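Chemist: If you scroll down you'll find the structure; I have some questions about it.
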Amino acid sequence: MNAEVISYSCMAYFVYLIECVDGSIYTGITTDVKRRFEEHAAGKGARYTRAHKVKKVIHTEVHRTRSVALKREAAIKRMPRERKLAIIKDN
């Protein structure tokens, strides 16, 4: 195996929740939470966070594969706000 394949196979994916200034919660996935938050803060992230300025990262989860992280992101996005807040509180 070459180094690129090994590096890729060891990569972790994070599902993250960001609190926006208006109190809304944004959910996304990334391999680097700090970098992605900075992109959102600079207005270079998702369309949602360009319209709803970000305040802080309020929750992160680590997943071994992109597929699992995407499924978890989709599940969280379907949750009502109260359930999202419960996830944050439980951690």
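Following the order of the structure tokens, chains are lettered A, B, ..., residues in each are numbered from 1, and ligands are numbered from 1.
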Neighbours of Ala46 of chain A within 10 Å (only C-alpha atoms; same-chain residues fewer than 5 positions away dropped), as a list of chain:residue names?
Modeler: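 Listing them by chain and then by number gives A:Tyr26, A:Gly28, A:Arg36, A:Glu39, A:His40, A:Ala51, A:His52.
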Chemist: Could you write out, as a list in words, all the residues of chain A that DSSP marks as strand (DSSP E or B)?
Modeler: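 Answer for chain A, restricted to strand (DSSP E or B): Tyr13, Phe14, Val15, Tyr16, Leu17, Ile18, Glu19, Cys20, Ile25, Tyr26, Thr27, Gly28, Ile29, Thr30, Val54, Lys55, Lys56, Val57, Ile58, His59, Thr60, Glu61, Val62 and His63 of chain A.
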Chemist: Print the selection's residues with N, CA and C atoms to a file, as a compact mmCIF listing (two decimals), in the first residue's frame.
Modeler:
# COMPACT_ATOMS: atom_id res chain seq x y z
N TYR A 13 -13.97 10.93 10.05
CA TYR A 13 -14.98 11.89 9.61
C TYR A 13 -15.76 12.35 10.84
N PHE A 14 -16.02 13.63 10.89
CA PHE A 14 -16.73 14.21 12.03
C PHE A 14 -18.08 14.73 11.59
N VAL A 15 -19.09 14.43 12.39
CA VAL A 15 -20.39 15.08 12.26
C VAL A 15 -20.36 16.18 13.31
N TYR A 16 -20.72 17.38 12.91
CA TYR A 16 -20.65 18.50 13.85
C TYR A 16 -21.93 19.31 13.82
N LEU A 17 -22.24 19.92 14.95
CA LEU A 17 -23.38 20.82 15.06
C LEU A 17 -22.84 22.18 15.44
N ILE A 18 -23.28 23.21 14.74
CA ILE A 18 -22.87 24.58 15.00
C ILE A 18 -24.09 25.39 15.43
N GLU A 19 -23.92 26.16 16.48
CA GLU A 19 -24.96 27.10 16.87
C GLU A 19 -24.75 28.39 16.09
N CYS A 20 -25.81 28.88 15.48
CA CYS A 20 -25.74 30.13 14.74
C CYS A 20 -26.17 31.29 15.64
N ILE A 25 -29.51 25.72 14.58
CA ILE A 25 -28.45 24.71 14.64
C ILE A 25 -28.19 24.19 13.24
N TYR A 26 -26.92 24.23 12.82
CA TYR A 26 -26.50 23.71 11.53
C TYR A 26 -25.75 22.40 11.76
N THR A 27 -26.00 21.40 10.93
CA THR A 27 -25.33 20.10 11.03
C THR A 27 -24.56 19.83 9.74
N GLY A 28 -23.32 19.34 9.88
CA GLY A 28 -22.52 19.01 8.71
C GLY A 28 -21.51 17.93 9.01
N ILE A 29 -20.74 17.53 7.99
CA ILE A 29 -19.65 16.58 8.18
C ILE A 29 -18.36 17.17 7.62
N THR A 30 -17.24 16.72 8.16
CA THR A 30 -15.93 17.19 7.71
C THR A 30 -14.86 16.23 8.21
N VAL A 54 -22.39 31.95 11.96
CA VAL A 54 -22.06 30.93 12.97
C VAL A 54 -21.55 31.57 14.26
N LYS A 55 -21.84 30.88 15.35
CA LYS A 55 -21.42 31.34 16.68
C LYS A 55 -20.34 30.42 17.26
N LYS A 56 -20.66 29.10 17.36
CA LYS A 56 -19.69 28.16 17.93
C LYS A 56 -20.09 26.72 17.60
N VAL A 57 -19.09 25.84 17.66
CA VAL A 57 -19.34 24.40 17.51
C VAL A 57 -19.88 23.92 18.85
N ILE A 58 -21.03 23.25 18.81
CA ILE A 58 -21.65 22.82 20.06
C ILE A 58 -21.63 21.30 20.25
N HIS A 59 -21.25 20.56 19.20
CA HIS A 59 -21.22 19.10 19.33
C HIS A 59 -20.42 18.52 18.18
N THR A 60 -19.62 17.48 18.47
CA THR A 60 -18.93 16.72 17.42
C THR A 60 -19.02 15.24 17.73
N GLU A 61 -19.05 14.44 16.69
CA GLU A 61 -19.00 12.99 16.78
C GLU A 61 -17.99 12.51 15.75
N VAL A 62 -17.22 11.50 16.10
CA VAL A 62 -16.24 10.96 15.15
C VAL A 62 -16.78 9.64 14.59
N HIS A 63 -16.56 9.45 13.28
CA HIS A 63 -16.99 8.23 12.59
C HIS A 63 -15.85 7.74 11.71
Chemist: Calculate how many Å separate atom CA of Thr65 of chain A from atom CA of Ala12 of chain A, rounding to one decimal.
Modeler: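 Separating atom CA of Thr65 of chain A from atom CA of Ala12 of chain A is a distance of 6.7 Å.
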Chemist: Choose the residue, out of A:Lys71, A:Val21, A:Asp32, A:Arg64, that has the smallest atom-to-atom separation from Thr49 of chain A; count only C-alpha atoms.
Modeler: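 Of the candidates, the smallest distance to Thr49 of chain A is held by A:Val21.
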Chemist: Write down as a PyMOL selection string the residues of chain A whose backbone DSSP state falls under alpha helix (DSSP H).
Modeler: chain A and resi 3-9+33-41+47-51+66-78+81-90
